[in-house]
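Colleague: This is the structure I have questions about; it appears just below.
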Amino acid sequence: MVLTILLGLCVMLLSAVVFYLFFWLDMLVDATNHPFSSNKEKYIWLAVISLTFIGAILYYYQIKKLSPRT
């Protein structure tokens with residue numbers, strides 16, 4: 001019983017990590033291709049996404065979600 005619960009928790013944690021990894025890569029690629037007003041802004045966002053845990057989430061809500069779809 002306990003092993004089943006632990007296995008379920010491990011599977012859920014692994015699924016969350018894999019989801020975040022793909023989300024992080026998608027935000028990194030989007031930031032690379034996004035037409036920012038200056039290169040400085042682009043490099044700042046790339047650093048924020050790369051160096052912080054919540055950087056990809058911040059980028060999603062601040063830039064990607066608000067930009068017009070192309």
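Every chain in the structure tokens has a letter given in the order shown (A, B, ...), and although residue numbers restart at 1 in each chain, ligands are simply numbered from 1 in the order shown.
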What are the DSSP alpha helix (DSSP H) residues of chain A, as a VMD selection string?

Modeller: chain A and resid 2 to 33 39 to 51 55 to 59

Colleague: Just C-alpha atoms for this one: save the residues we selected as a PDB file, in the first residue's frame.

Modeller:
ATOM      1  CA  VAL A   2       2.702   2.484   0.966  1.00  0.00           C
ATOM      2  CA  LEU A   3       4.836   1.532  -2.042  1.00  0.00           C
ATOM      3  CA  THR A   4       1.887   2.109  -4.363  1.00  0.00           C
ATOM      4  CA  ILE A   5       1.357   5.594  -2.930  1.00  0.00           C
ATOM      5  CA  LEU A   6       5.061   6.402  -3.210  1.00  0.00           C
ATOM      6  CA  LEU A   7       5.144   5.152  -6.791  1.00  0.00           C
ATOM      7  CA  GLY A   8       2.118   7.286  -7.641  1.00  0.00           C
ATOM      8  CA  LEU A   9       3.743  10.355  -6.099  1.00  0.00           C
ATOM      9  CA  CYS A  10       6.955   9.710  -8.036  1.00  0.00           C
ATOM     10  CA  VAL A  11       5.040   9.392 -11.303  1.00  0.00           C
ATOM     11  CA  MET A  12       3.167  12.651 -10.607  1.00  0.00           C
ATOM     12  CA  LEU A  13       6.387  14.465  -9.740  1.00  0.00           C
ATOM     13  CA  LEU A  14       8.148  13.146 -12.829  1.00  0.00           C
ATOM     14  CA  SER A  15       5.192  14.199 -14.997  1.00  0.00           C
ATOM     15  CA  ALA A  16       5.300  17.719 -13.538  1.00  0.00           C
ATOM     16  CA  VAL A  17       9.060  17.973 -14.147  1.00  0.00           C
ATOM     17  CA  VAL A  18       8.737  16.803 -17.759  1.00  0.00           C
ATOM     18  CA  PHE A  19       5.841  19.230 -18.374  1.00  0.00           C
ATOM     19  CA  TYR A  20       7.828  22.142 -16.945  1.00  0.00           C
ATOM     20  CA  LEU A  21      10.895  21.186 -19.002  1.00  0.00           C
ATOM     21  CA  PHE A  22       8.909  21.296 -22.251  1.00  0.00           C
ATOM     22  CA  PHE A  23       7.189  24.531 -21.167  1.00  0.00           C
ATOM     23  CA  TRP A  24      10.575  26.092 -20.315  1.00  0.00           C
ATOM     24  CA  LEU A  25      12.037  25.098 -23.696  1.00  0.00           C
ATOM     25  CA  ASP A  26       8.988  26.481 -25.516  1.00  0.00           C
ATOM     26  CA  MET A  27       9.327  29.836 -23.718  1.00  0.00           C
ATOM     27  CA  LEU A  28      13.064  29.916 -24.433  1.00  0.00           C
ATOM     28  CA  VAL A  29      12.495  29.309 -28.156  1.00  0.00           C
ATOM     29  CA  ASP A  30       9.681  31.872 -28.237  1.00  0.00           C
ATOM     30  CA  ALA A  31      11.874  34.491 -26.546  1.00  0.00           C
ATOM     31  CA  THR A  32      14.618  33.817 -29.089  1.00  0.00           C
ATOM     32  CA  ASN A  33      12.241  34.367 -32.011  1.00  0.00           C
ATOM     33  CA  ASN A  39      18.371  43.440 -28.236  1.00  0.00           C
ATOM     34  CA  LYS A  40      18.911  44.437 -24.610  1.00  0.00           C
ATOM     35  CA  GLU A  41      15.322  43.520 -23.763  1.00  0.00           C
ATOM     36  CA  LYS A  42      15.697  40.192 -25.574  1.00  0.00           C
ATOM     37  CA  TYR A  43      18.878  39.308 -23.659  1.00  0.00           C
ATOM     38  CA  ILE A  44      17.290  40.273 -20.349  1.00  0.00           C
ATOM     39  CA  TRP A  45      14.316  38.000 -20.985  1.00  0.00           C
ATOM     40  CA  LEU A  46      16.577  35.168 -22.111  1.00  0.00           C
ATOM     41  CA  ALA A  47      18.567  35.534 -18.884  1.00  0.00           C
ATOM     42  CA  VAL A  48      15.408  35.637 -16.752  1.00  0.00           C
ATOM     43  CA  ILE A  49      14.023  32.522 -18.414  1.00  0.00           C
ATOM     44  CA  SER A  50      17.331  30.685 -18.209  1.00  0.00           C
ATOM     45  CA  LEU A  51      18.364  31.579 -14.676  1.00  0.00           C
ATOM     46  CA  GLY A  55      11.185  33.028 -15.375  1.00  0.00           C
ATOM     47  CA  ALA A  56       9.359  31.005 -18.012  1.00  0.00           C
ATOM     48  CA  ILE A  57       6.046  31.564 -16.232  1.00  0.00           C
ATOM     49  CA  LEU A  58       6.724  35.308 -15.973  1.00  0.00           C
ATOM     50  CA  TYR A  59       7.612  35.451 -19.675  1.00  0.00           C
TER      51      TYR A  59
END

Colleague: Just the residues within 12 Å of Pro68 of chain A, please, counting only C-alpha atoms, with nothing from its chain fewer than 4 positions along; format it as a list in words.

Modeller: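 Final neighbour list, sorted by chain and number: His34, Pro35, Ile63 and Lys64 of chain A.
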